Each structure stands twice: as structure tokens, then as C-alpha cells.
>>> print(open('final_9.pdb').read())   # PDB, C-alpha atoms, pLDDT in the B column
MODEL        1
ATOM      1  CA  LYS Q   1       0.569  31.579-233.712  1.00 68.00           C
ATOM      2  CA  ALA Q   2      -2.291  30.844-236.071  1.00 82.00           C
ATOM      3  CA  GLY Q   3      -5.458  29.383-234.613  1.00 95.00           C
ATOM      4  CA  VAL Q   4      -7.450  26.357-235.645  1.00 98.00           C
ATOM      5  CA  THR Q   5      -8.673  26.602-239.215  1.00 98.00           C
ATOM      6  CA  GLN Q   6     -11.582  24.793-240.798  1.00 98.00           C
ATOM      7  CA  THR Q   7     -12.613  24.502-244.418  1.00 97.00           C
ATOM      8  CA  PRO Q   8     -15.010  25.052-245.933  1.00 97.00           C
ATOM      9  CA  ARG Q   9     -16.842  27.526-243.731  1.00 97.00           C
ATOM     10  CA  TYR Q  10     -20.212  26.955-245.338  1.00 97.00           C
ATOM     11  CA  LEU Q  11     -21.568  24.014-247.265  1.00 97.00           C
ATOM     12  CA  ILE Q  12     -24.914  23.105-248.794  1.00 98.00           C
ATOM     13  CA  LYS Q  13     -25.511  19.483-249.717  1.00 98.00           C
ATOM     14  CA  THR Q  14     -28.429  17.344-250.799  1.00 98.00           C
ATOM     15  CA  ARG Q  15     -29.800  14.376-248.880  1.00 98.00           C
ATOM     16  CA  GLY Q  16     -27.923  11.201-249.742  1.00 98.00           C
ATOM     17  CA  GLN Q  17     -24.698  12.935-250.690  1.00 98.00           C
ATOM     18  CA  GLN Q  18     -21.500  12.722-248.711  1.00 98.00           C
ATOM     19  CA  VAL Q  19     -19.310  15.491-247.384  1.00 98.00           C
ATOM     20  CA  THR Q  20     -15.736  15.906-246.170  1.00 98.00           C
ATOM     21  CA  LEU Q  21     -14.734  18.635-243.744  1.00 98.00           C
ATOM     22  CA  SER Q  22     -11.172  19.629-242.980  1.00 98.00           C
ATOM     23  CA  CYS Q  23      -9.478  20.899-239.840  1.00 98.00           C
ATOM     24  CA  SER Q  24      -5.934  22.198-239.354  1.00 98.00           C
ATOM     25  CA  PRO Q  25      -4.939  22.383-235.682  1.00 98.00           C
ATOM     26  CA  ILE Q  26      -2.795  24.967-233.976  1.00 97.00           C
ATOM     27  CA  SER Q  27       0.849  24.355-234.821  1.00 96.00           C
ATOM     28  CA  GLY Q  28       2.281  21.739-232.458  1.00 95.00           C
ATOM     29  CA  HIS Q  29      -1.103  20.430-231.341  1.00 96.00           C
ATOM     30  CA  ARG Q  30      -1.527  16.731-231.917  1.00 96.00           C
ATOM     31  CA  SER Q  31      -5.048  16.177-230.631  1.00 96.00           C
ATOM     32  CA  VAL Q  32      -8.045  17.061-232.766  1.00 97.00           C
ATOM     33  CA  SER Q  33     -11.615  16.613-231.568  1.00 97.00           C
ATOM     34  CA  TRP Q  34     -14.761  17.033-233.626  1.00 98.00           C
ATOM     35  CA  TYR Q  35     -18.126  18.228-232.373  1.00 97.00           C
ATOM     36  CA  GLN Q  36     -21.581  18.728-233.778  1.00 97.00           C
ATOM     37  CA  GLN Q  37     -23.612  21.677-232.550  1.00 97.00           C
ATOM     38  CA  THR Q  38     -27.346  22.014-233.140  1.00 95.00           C
ATOM     39  CA  PRO Q  39     -29.950  24.170-231.392  1.00 90.00           C
ATOM     40  CA  GLY Q  40     -31.802  21.106-230.135  1.00 85.00           C
ATOM     41  CA  GLN Q  41     -28.923  18.892-228.996  1.00 88.00           C
ATOM     42  CA  GLY Q  42     -26.266  21.402-228.066  1.00 90.00           C
ATOM     43  CA  LEU Q  43     -22.599  20.629-228.541  1.00 94.00           C
ATOM     44  CA  GLN Q  44     -21.997  16.902-228.913  1.00 94.00           C
ATOM     45  CA  PHE Q  45     -18.697  15.062-229.109  1.00 94.00           C
ATOM     46  CA  LEU Q  46     -18.111  13.116-232.314  1.00 96.00           C
ATOM     47  CA  PHE Q  47     -14.576  11.754-231.990  1.00 94.00           C
ATOM     48  CA  GLU Q  48     -11.023  12.580-231.034  1.00 96.00           C
ATOM     49  CA  TYR Q  49      -7.815  11.811-232.875  1.00 97.00           C
ATOM     50  CA  PHE Q  50      -4.329  11.880-231.439  1.00 96.00           C
ATOM     51  CA  SER Q  51      -1.212  10.909-233.389  1.00 94.00           C
ATOM     52  CA  GLU Q  52      -3.346   9.555-236.239  1.00 95.00           C
ATOM     53  CA  THR Q  53      -5.320   7.237-233.924  1.00 96.00           C
ATOM     54  CA  GLN Q  54      -8.945   7.586-232.924  1.00 95.00           C
ATOM     55  CA  ARG Q  55      -8.995   7.656-229.126  1.00 93.00           C
ATOM     56  CA  ASN Q  56     -12.671   8.146-228.427  1.00 91.00           C
ATOM     57  CA  LYS Q  57     -15.938   8.198-230.275  1.00 93.00           C
ATOM     58  CA  GLY Q  58     -19.263   9.709-229.324  1.00 92.00           C
ATOM     59  CA  ASN Q  59     -22.716   8.238-229.905  1.00 92.00           C
ATOM     60  CA  PHE Q  60     -23.048   8.883-233.594  1.00 96.00           C
ATOM     61  CA  PRO Q  61     -23.859   6.426-236.389  1.00 97.00           C
ATOM     62  CA  GLY Q  62     -21.160   4.884-238.542  1.00 96.00           C
ATOM     63  CA  ARG Q  63     -21.970   7.376-241.292  1.00 98.00           C
ATOM     64  CA  PHE Q  64     -19.737   9.758-239.367  1.00 98.00           C
ATOM     65  CA  SER Q  65     -16.071   8.952-239.710  1.00 97.00           C
ATOM     66  CA  GLY Q  66     -12.786  10.720-239.513  1.00 97.00           C
ATOM     67  CA  ARG Q  67      -9.077  10.449-239.878  1.00 97.00           C
ATOM     68  CA  GLN Q  68      -5.929  12.287-238.934  1.00 98.00           C
ATOM     69  CA  PHE Q  69      -2.818  12.724-241.011  1.00 97.00           C
ATOM     70  CA  SER Q  70       0.812  12.697-239.939  1.00 96.00           C
ATOM     71  CA  ASN Q  71       0.861  16.523-239.867  1.00 95.00           C
ATOM     72  CA  SER Q  72      -2.082  16.398-237.389  1.00 96.00           C
ATOM     73  CA  ARG Q  73      -4.557  17.794-239.891  1.00 98.00           C
ATOM     74  CA  SER Q  74      -7.863  15.990-239.641  1.00 98.00           C
ATOM     75  CA  GLU Q  75     -10.803  15.314-241.876  1.00 98.00           C
ATOM     76  CA  MET Q  76     -14.329  14.330-241.017  1.00 98.00           C
ATOM     77  CA  ASN Q  77     -16.607  12.539-243.453  1.00 98.00           C
ATOM     78  CA  VAL Q  78     -20.357  12.132-243.344  1.00 98.00           C
ATOM     79  CA  SER Q  79     -21.868   9.723-245.829  1.00 96.00           C
ATOM     80  CA  THR Q  80     -25.488   9.418-246.943  1.00 97.00           C
ATOM     81  CA  LEU Q  81     -26.432  12.811-245.564  1.00 98.00           C
ATOM     82  CA  GLU Q  82     -29.742  13.236-243.768  1.00 98.00           C
ATOM     83  CA  LEU Q  83     -31.675  16.435-243.083  1.00 97.00           C
ATOM     84  CA  GLY Q  84     -30.838  16.036-239.393  1.00 96.00           C
ATOM     85  CA  ASP Q  85     -27.139  16.332-240.154  1.00 97.00           C
ATOM     86  CA  SER Q  86     -27.580  20.057-240.725  1.00 97.00           C
ATOM     87  CA  ALA Q  87     -25.445  21.611-238.018  1.00 97.00           C
ATOM     88  CA  LEU Q  88     -22.350  23.564-237.142  1.00 98.00           C
ATOM     89  CA  TYR Q  89     -19.392  21.211-237.129  1.00 98.00           C
ATOM     90  CA  LEU Q  90     -16.581  22.326-234.896  1.00 98.00           C
ATOM     91  CA  CYS Q  91     -13.112  21.013-234.464  1.00 98.00           C
ATOM     92  CA  ALA Q  92     -10.862  21.770-231.545  1.00 97.00           C
ATOM     93  CA  SER Q  93      -7.183  21.106-230.972  1.00 97.00           C
ATOM     94  CA  SER Q  94      -4.985  20.603-227.944  1.00 95.00           C
ATOM     95  CA  LEU Q  95      -1.413  19.597-227.203  1.00 95.00           C
ATOM     96  CA  LYS Q  96      -2.350  16.530-225.190  1.00 91.00           C
ATOM     97  CA  PRO Q  97      -5.149  14.019-225.608  1.00 90.00           C
ATOM     98  CA  ARG Q  98      -8.394  14.872-223.819  1.00 89.00           C
ATOM     99  CA  GLY Q  99      -8.469  13.893-220.180  1.00 84.00           C
ATOM    100  CA  ASN Q 100      -4.944  15.145-219.492  1.00 86.00           C
ATOM    101  CA  ALA Q 101      -5.630  18.537-217.954  1.00 85.00           C
ATOM    102  CA  ASP Q 102      -5.085  20.393-221.189  1.00 91.00           C
ATOM    103  CA  GLU Q 103      -7.051  23.143-222.846  1.00 94.00           C
ATOM    104  CA  GLN Q 104      -8.575  22.822-226.259  1.00 95.00           C
ATOM    105  CA  TYR Q 105      -9.222  25.609-228.726  1.00 97.00           C
ATOM    106  CA  PHE Q 106     -11.987  25.686-231.272  1.00 98.00           C
ATOM    107  CA  GLY Q 107     -11.907  26.575-234.926  1.00 98.00           C
ATOM    108  CA  PRO Q 108     -14.550  28.791-236.541  1.00 98.00           C
ATOM    109  CA  GLY Q 109     -16.659  25.818-237.605  1.00 98.00           C
ATOM    110  CA  THR Q 110     -18.235  24.589-240.814  1.00 98.00           C
ATOM    111  CA  ARG Q 111     -21.921  25.339-241.231  1.00 97.00           C
ATOM    112  CA  LEU Q 112     -23.464  22.377-243.098  1.00 98.00           C
ATOM    113  CA  THR Q 113     -26.950  22.633-244.512  1.00 98.00           C
ATOM    114  CA  VAL Q 114     -28.581  19.507-245.928  1.00 98.00           C
ATOM    115  CA  THR Q 115     -31.553  20.066-248.243  1.00 97.00           C
TER     116      THR Q 115
ATOM    117  CA  GLN O   1     -29.983  12.924-215.806  1.00 72.00           C
ATOM    118  CA  LYS O   2     -27.677  14.809-218.125  1.00 81.00           C
ATOM    119  CA  GLU O   3     -23.959  14.319-217.601  1.00 90.00           C
ATOM    120  CA  VAL O   4     -23.333  18.062-217.422  1.00 94.00           C
ATOM    121  CA  GLU O   5     -26.103  20.389-216.343  1.00 95.00           C
ATOM    122  CA  GLN O   6     -26.067  24.163-216.286  1.00 95.00           C
ATOM    123  CA  ASN O   7     -28.501  26.510-214.591  1.00 86.00           C
ATOM    124  CA  SER O   8     -31.310  27.273-216.952  1.00 76.00           C
ATOM    125  CA  GLY O   9     -31.292  30.718-218.427  1.00 80.00           C
ATOM    126  CA  PRO O  10     -31.565  33.180-219.651  1.00 92.00           C
ATOM    127  CA  LEU O  11     -29.714  35.147-217.004  1.00 95.00           C
ATOM    128  CA  SER O  12     -29.969  38.899-217.019  1.00 96.00           C
ATOM    129  CA  VAL O  13     -27.837  41.217-214.881  1.00 96.00           C
ATOM    130  CA  PRO O  14     -27.276  44.983-214.902  1.00 97.00           C
ATOM    131  CA  GLU O  15     -23.971  46.397-216.044  1.00 97.00           C
ATOM    132  CA  GLY O  16     -21.415  46.355-213.234  1.00 97.00           C
ATOM    133  CA  ALA O  17     -23.081  43.504-211.340  1.00 97.00           C
ATOM    134  CA  ILE O  18     -21.721  40.029-210.659  1.00 97.00           C
ATOM    135  CA  ALA O  19     -22.989  37.263-212.924  1.00 97.00           C
ATOM    136  CA  SER O  20     -22.978  33.758-211.452  1.00 97.00           C
ATOM    137  CA  LEU O  21     -23.069  30.719-213.705  1.00 97.00           C
ATOM    138  CA  ASN O  22     -23.363  27.212-212.320  1.00 97.00           C
ATOM    139  CA  CYS O  23     -22.652  23.722-213.579  1.00 97.00           C
ATOM    140  CA  THR O  24     -22.989  20.244-212.077  1.00 96.00           C
ATOM    141  CA  TYR O  25     -21.621  17.006-213.456  1.00 96.00           C
ATOM    142  CA  SER O  26     -22.392  13.364-212.825  1.00 93.00           C
ATOM    143  CA  ASP O  27     -19.121  11.517-213.544  1.00 91.00           C
ATOM    144  CA  ARG O  28     -16.963  11.437-210.411  1.00 91.00           C
ATOM    145  CA  GLY O  29     -14.003  10.491-212.606  1.00 87.00           C
ATOM    146  CA  SER O  30     -14.029  13.950-214.163  1.00 91.00           C
ATOM    147  CA  GLN O  31     -10.756  15.795-213.718  1.00 90.00           C
ATOM    148  CA  SER O  32     -10.715  18.792-216.036  1.00 94.00           C
ATOM    149  CA  PHE O  33     -13.252  21.570-216.204  1.00 96.00           C
ATOM    150  CA  PHE O  34     -13.606  24.427-218.642  1.00 97.00           C
ATOM    151  CA  TRP O  35     -15.742  27.460-219.278  1.00 98.00           C
ATOM    152  CA  TYR O  36     -16.288  28.700-222.816  1.00 98.00           C
ATOM    153  CA  ARG O  37     -18.024  31.806-224.088  1.00 98.00           C
ATOM    154  CA  GLN O  38     -19.910  31.621-227.359  1.00 97.00           C
ATOM    155  CA  TYR O  39     -21.272  34.652-229.131  1.00 97.00           C
ATOM    156  CA  SER O  40     -24.174  34.134-231.489  1.00 94.00           C
ATOM    157  CA  GLY O  41     -22.971  32.732-234.790  1.00 92.00           C
ATOM    158  CA  LYS O  42     -19.423  32.194-233.518  1.00 95.00           C
ATOM    159  CA  SER O  43     -17.478  29.245-232.175  1.00 97.00           C
ATOM    160  CA  PRO O  44     -16.762  28.681-228.461  1.00 97.00           C
ATOM    161  CA  GLU O  45     -13.904  30.650-226.982  1.00 97.00           C
ATOM    162  CA  LEU O  46     -12.036  29.322-223.945  1.00 96.00           C
ATOM    163  CA  ILE O  47     -12.318  31.570-220.876  1.00 96.00           C
ATOM    164  CA  MET O  48     -11.093  29.475-217.978  1.00 96.00           C
ATOM    165  CA  SER O  49      -9.813  26.041-217.115  1.00 96.00           C
ATOM    166  CA  ILE O  50      -9.726  24.584-213.610  1.00 97.00           C
ATOM    167  CA  TYR O  51      -8.355  21.261-212.460  1.00 95.00           C
ATOM    168  CA  SER O  52      -8.205  21.330-208.655  1.00 94.00           C
ATOM    169  CA  ASN O  53     -10.634  22.243-205.895  1.00 95.00           C
ATOM    170  CA  GLY O  54     -10.893  25.891-204.996  1.00 96.00           C
ATOM    171  CA  ASP O  55     -10.939  29.164-206.837  1.00 96.00           C
ATOM    172  CA  LYS O  56      -9.023  30.310-209.877  1.00 97.00           C
ATOM    173  CA  GLU O  57      -9.080  33.959-210.852  1.00 97.00           C
ATOM    174  CA  ASP O  58      -8.268  35.576-214.177  1.00 96.00           C
ATOM    175  CA  GLY O  59      -9.112  39.243-214.433  1.00 96.00           C
ATOM    176  CA  ARG O  60     -12.844  39.700-213.935  1.00 97.00           C
ATOM    177  CA  PHE O  61     -13.458  35.941-214.094  1.00 98.00           C
ATOM    178  CA  THR O  62     -13.315  33.464-211.212  1.00 98.00           C
ATOM    179  CA  ALA O  63     -13.870  29.753-211.618  1.00 98.00           C
ATOM    180  CA  GLN O  64     -14.749  27.686-208.569  1.00 98.00           C
ATOM    181  CA  LEU O  65     -14.522  23.906-208.333  1.00 97.00           C
ATOM    182  CA  ASN O  66     -15.878  21.569-205.684  1.00 97.00           C
ATOM    183  CA  LYS O  67     -15.271  17.958-206.689  1.00 95.00           C
ATOM    184  CA  ALA O  68     -16.994  16.545-203.599  1.00 95.00           C
ATOM    185  CA  SER O  69     -20.204  18.314-204.606  1.00 95.00           C
ATOM    186  CA  GLN O  70     -19.499  17.779-208.320  1.00 96.00           C
ATOM    187  CA  TYR O  71     -20.009  21.453-208.896  1.00 96.00           C
ATOM    188  CA  VAL O  72     -18.184  24.096-210.894  1.00 98.00           C
ATOM    189  CA  SER O  73     -19.111  27.737-211.245  1.00 97.00           C
ATOM    190  CA  LEU O  74     -18.025  30.887-213.049  1.00 98.00           C
ATOM    191  CA  LEU O  75     -18.319  34.348-211.570  1.00 98.00           C
ATOM    192  CA  ILE O  76     -18.042  37.414-213.773  1.00 98.00           C
ATOM    193  CA  ARG O  77     -17.387  40.588-211.810  1.00 98.00           C
ATOM    194  CA  ASP O  78     -18.174  44.069-213.104  1.00 98.00           C
ATOM    195  CA  SER O  79     -20.238  42.574-215.928  1.00 98.00           C
ATOM    196  CA  GLN O  80     -20.126  44.460-219.212  1.00 97.00           C
ATOM    197  CA  PRO O  81     -22.561  44.414-222.156  1.00 97.00           C
ATOM    198  CA  SER O  82     -19.789  42.731-224.147  1.00 97.00           C
ATOM    199  CA  ASP O  83     -20.075  39.764-221.749  1.00 97.00           C
ATOM    200  CA  SER O  84     -23.531  39.034-223.187  1.00 97.00           C
ATOM    201  CA  ALA O  85     -23.159  35.565-224.704  1.00 97.00           C
ATOM    202  CA  THR O  86     -23.857  31.909-224.063  1.00 96.00           C
ATOM    203  CA  TYR O  87     -21.518  30.306-221.532  1.00 97.00           C
ATOM    204  CA  LEU O  88     -20.717  26.636-221.906  1.00 97.00           C
ATOM    205  CA  CYS O  89     -19.434  24.400-219.147  1.00 97.00           C
ATOM    206  CA  ALA O  90     -17.271  21.497-220.360  1.00 96.00           C
ATOM    207  CA  VAL O  91     -16.046  18.481-218.438  1.00 95.00           C
ATOM    208  CA  ASP O  92     -13.306  15.992-219.374  1.00 92.00           C
ATOM    209  CA  THR O  93     -13.071  12.588-217.762  1.00 81.00           C
ATOM    210  CA  ASN O  94      -9.839  10.686-217.355  1.00 74.00           C
ATOM    211  CA  ALA O  95     -11.074   8.395-220.096  1.00 78.00           C
ATOM    212  CA  GLY O  96     -10.804  11.315-222.479  1.00 81.00           C
ATOM    213  CA  LYS O  97     -14.480  12.003-222.970  1.00 84.00           C
ATOM    214  CA  SER O  98     -15.433  15.651-223.392  1.00 89.00           C
ATOM    215  CA  THR O  99     -18.988  16.598-222.450  1.00 93.00           C
ATOM    216  CA  PHE O 100     -20.576  20.020-222.709  1.00 95.00           C
ATOM    217  CA  GLY O 101     -23.564  21.479-220.939  1.00 95.00           C
ATOM    218  CA  ASP O 102     -26.390  23.076-222.896  1.00 94.00           C
ATOM    219  CA  GLY O 103     -25.148  26.532-221.990  1.00 95.00           C
ATOM    220  CA  THR O 104     -26.533  29.504-220.110  1.00 96.00           C
ATOM    221  CA  THR O 105     -27.337  32.660-222.027  1.00 96.00           C
ATOM    222  CA  LEU O 106     -26.242  35.799-220.203  1.00 97.00           C
ATOM    223  CA  THR O 107     -27.509  39.263-221.006  1.00 97.00           C
ATOM    224  CA  VAL O 108     -25.849  42.279-219.400  1.00 97.00           C
ATOM    225  CA  LYS O 109     -28.089  45.327-219.579  1.00 96.00           C
ATOM    226  CA  PRO O 110     -26.495  48.804-219.773  1.00 93.00           C
TER     227      PRO O 110
ENDMDL
END
>>> encode(input="final_9.pdb", output="C-alpha cells")
Amino acid sequence: KAGVTQTPRYLIKTRGQQVTLSCSPISGHRSVSWYQQTPGQGLQFLFEYFSETQRNKGNFPGRFSGRQFSNSRSEMNVSTLELGDSALYLCASSLKPRGNADEQYFGPGTRLTVT
Amino acid sequence: QKEVEQNSGPLSVPEGAIASLNCTYSDRGSQSFFWYRQYSGKSPELIMSIYSNGDKEDGRFTAQLNKASQYVSLLIRDSQPSDSATYLCAVDTNAGKSTFGDGTTLTVKP
């Protein structure tokens, strides 16, 4: 069974631009969670989608948004990029929504650099 | 106080020794606990999950959970140089919030 895939793997953007990242979960998984990982803040939860609905959101500004499609693929969008948005963005998928004793598996991540 | 705290590293052990990694959490409503291994430049890889009090063993890895003390640990027996990585403790609450610790970097010296 194929793992979680993320595209693109690397991205360089300029301050003020917007970016869209894509995540395809493991086949059959309906929950997709997004995380931001930086050296200073560690791994921080952005949001979780299950069956096309956002179930939870972390403490990030409204510039960070996401959506999930009927095939469970998910996209994350960051508008008006700031230098501080440079990070590794990870998505993870699971069968059940978070909080239901289910394991989640991470994709390889998208390394975003904002200049 | 951080929601999930891990023992500060780095942790260094000789090859063949037992490595002990610890994690405490603050939300008593937490029900699911996970340990991930992350090699430098890679994404986290799930090692163990544990949902009830006690020990859970998988090969050289043993996870221990004590909900009363809000404590979860990971023991790695017969540590190998390939175990050198950062280990992340993750906690899920019933409300569906996933929180990760800052990680403990383990180095296993040959």
C-alpha cells in the first residue's frame, strides 16, 4: 500500500505570495492532519480534516487554510507569506479522526522557504 | 507549562545499552499516546502507539503508560547506532487535538 504523498517536496516563494501544498493520504484513510515543523517551535498542529470537514484547528492565523476533497486528498494554502512561514509542512493520515485511538502516518513533507 | 514535555537531551548511550525516553503531559483527557522517530531531514516515523496503562512491547521497543501520573516512556533495548535520531512523543485528546513534544535527540555510540 502506498504511503502518504506530498507535493511539491521543495518550494521557494517570496514574501507576500501565496502557496498551495497538496497531500494524498494512504488509500482508505479519511483523516488528514497538517503540521508545521520549525527548529524553534517544533511540530505544531495546523488543522485536521475528516470527510471534507475541518474538525480541529491549531493556533495559527487565518492566512493558513485548508480543504479536503471527496477522495480524501487535502490541500493547504498559505496566503501573504511571511519569512516566519519558512518551515517543513507535514501532513499525516489516519483511518479515524484524531482522538479515536488510531495511528497516523506522516508524508515526506514539503520544505517551504520564504525569501 | 508545555502540554507535552520530554526529557531534555541530547541523550547518549553506548551500543547495546538501554535508552530511556520520557514524556509527561498536562491534559488528563488525553487517551492516545504515540512515539515517533525522526531522522535528520526526514519526516516522523511511527514506532509505537499505546492507549491503556501498562507496558506494550514491540521487538526492542517498550512503551509504558501511567495515566495517573500523566507519564509515558519509551525504552529501547540493545540500542544500535541506527537508533540515533530524534524521538517525538505525541498525545491525542478525546477532543481530537494532537500535540507533540519538542523531541529528545538520542545518539548511540558504537
>>> axis_aligned_box(input="final_9.pdb", around="stretch 84-87 of chain O", padding_each_side="6 Å", output="JSON")
{"center_x": -22.7, "center_y": 34.7, "center_z": -223.1, "size_x": 14.3, "size_y": 20.7, "size_z": 15.2}
>>> resolve_selection(input="final_9.pdb", expression="the ChimeraX specification (/Q :<8) & /O", output="PyMOL selection string")
chain O and resi 31-32+34+42-46+49+51+92-102
>>> residues_around(input="final_9.pdb", residues="Q:Thr113", least_positions_apart="6", cutoff="9 Å", atoms="only C-alpha atoms", output="PDB file with C-alpha atoms, in the frame of the given file")
ATOM      1  CA  TYR Q  10     -20.212  26.955-245.338  1.00 97.00           C
ATOM      2  CA  LEU Q  11     -21.568  24.014-247.265  1.00 97.00           C
ATOM      3  CA  ILE Q  12     -24.914  23.105-248.794  1.00 98.00           C
ATOM      4  CA  LYS Q  13     -25.511  19.483-249.717  1.00 98.00           C
ATOM      5  CA  THR Q  14     -28.429  17.344-250.799  1.00 98.00           C
ATOM      6  CA  LEU Q  83     -31.675  16.435-243.083  1.00 97.00           C
ATOM      7  CA  ASP Q  85     -27.139  16.332-240.154  1.00 97.00           C
ATOM      8  CA  SER Q  86     -27.580  20.057-240.725  1.00 97.00           C
ATOM      9  CA  ALA Q  87     -25.445  21.611-238.018  1.00 97.00           C
ATOM     10  CA  LEU Q  88     -22.350  23.564-237.142  1.00 98.00           C
TER      11      LEU Q  88
END
>>> atom_distance(input="final_9.pdb", atom1="atom CA of Q:Pro25", atom2="atom CA of Q:Gln54")
15.6 Å
>>> atom_distance(input="final_9.pdb", atom1="atom CA of O:Leu106", atom2="atom CA of O:Pro81")
9.6 Å
>>> atom_distance(input="final_9.pdb", atom1="atom CA of Q:Val78", atom2="atom CA of Q:Tyr49")
16.3 Å
>>> residues_around(input="final_9.pdb", residues="stretch 68-77 of chain O", least_positions_apart="5", cutoff="6 Å", atoms="all atoms listed in the file", output="VMD selection string")
chain O and resid 18 to 25 60 to 63
>>> residues_around(input="final_9.pdb", residues="O:Tyr39", least_positions_apart="2", cutoff="7 Å", atoms="all atoms listed in the file", output="count of residues only")
5
>>> resolve_selection(input="final_9.pdb", expression="the PyMOL selection byres ((chain Q and resi 52) around 7)", output="short mmCIF file (atom, residue, chain, number, x, y, z; two decimals) with C-alpha atoms, keeping the file's coordinate frame")
data_model
loop_
_atom_site.label_atom_id
_atom_site.label_comp_id
_atom_site.auth_asym_id
_atom_site.auth_seq_id
_atom_site.Cartn_x
_atom_site.Cartn_y
_atom_site.Cartn_z
CA TYR Q 49 -7.82 11.81 -232.88
CA PHE Q 50 -4.33 11.88 -231.44
CA SER Q 51 -1.21 10.91 -233.39
CA THR Q 53 -5.32 7.24 -233.92
CA GLN Q 54 -8.94 7.59 -232.92
CA ARG Q 67 -9.08 10.45 -239.88
CA GLN Q 68 -5.93 12.29 -238.93
CA PHE Q 69 -2.82 12.72 -241.01
CA SER Q 70 0.81 12.70 -239.94
#
>>> closest_residue(input="final_9.pdb", among="O:Asp78, O:Ala17, O:Ser26, O:Leu88", to="O:Val4", atoms="all atoms listed in the file")
O:Ser26
>>> resolve_selection(input="final_9.pdb", expression="the PyMOL selection byres ((chain O and resi 65) around 6)", output="number ranges by chain")
O: 53-54, 64, 66, 72
>>> write_last_selection(input="final_9.pdb", atoms="C-alpha atoms", output="mmCIF file, in the coordinates of the input")
data_model
loop_
_atom_site.group_PDB
_atom_site.id
_atom_site.type_symbol
_atom_site.label_atom_id
_atom_site.label_comp_id
_atom_site.auth_asym_id
_atom_site.auth_seq_id
_atom_site.Cartn_x
_atom_site.Cartn_y
_atom_site.Cartn_z
ATOM 1 C CA ASN O 53 -10.634 22.243 -205.895
ATOM 2 C CA GLY O 54 -10.893 25.891 -204.996
ATOM 3 C CA GLN O 64 -14.749 27.686 -208.569
ATOM 4 C CA ASN O 66 -15.878 21.569 -205.684
ATOM 5 C CA VAL O 72 -18.184 24.096 -210.894
#
>>> closest_residue(input="final_9.pdb", among="Q:Ser31, Q:Thr7, Q:Ser94, Q:Gln18", to="Q:Asn77", atoms="all atoms listed in the file")
Q:Gln18
>>> residues_around(input="final_9.pdb", residues="O:Thr105", least_positions_apart="4", cutoff="9 Å", atoms="only C-alpha atoms", output="PyMOL selection string")
chain O and resi 8-12+84-88
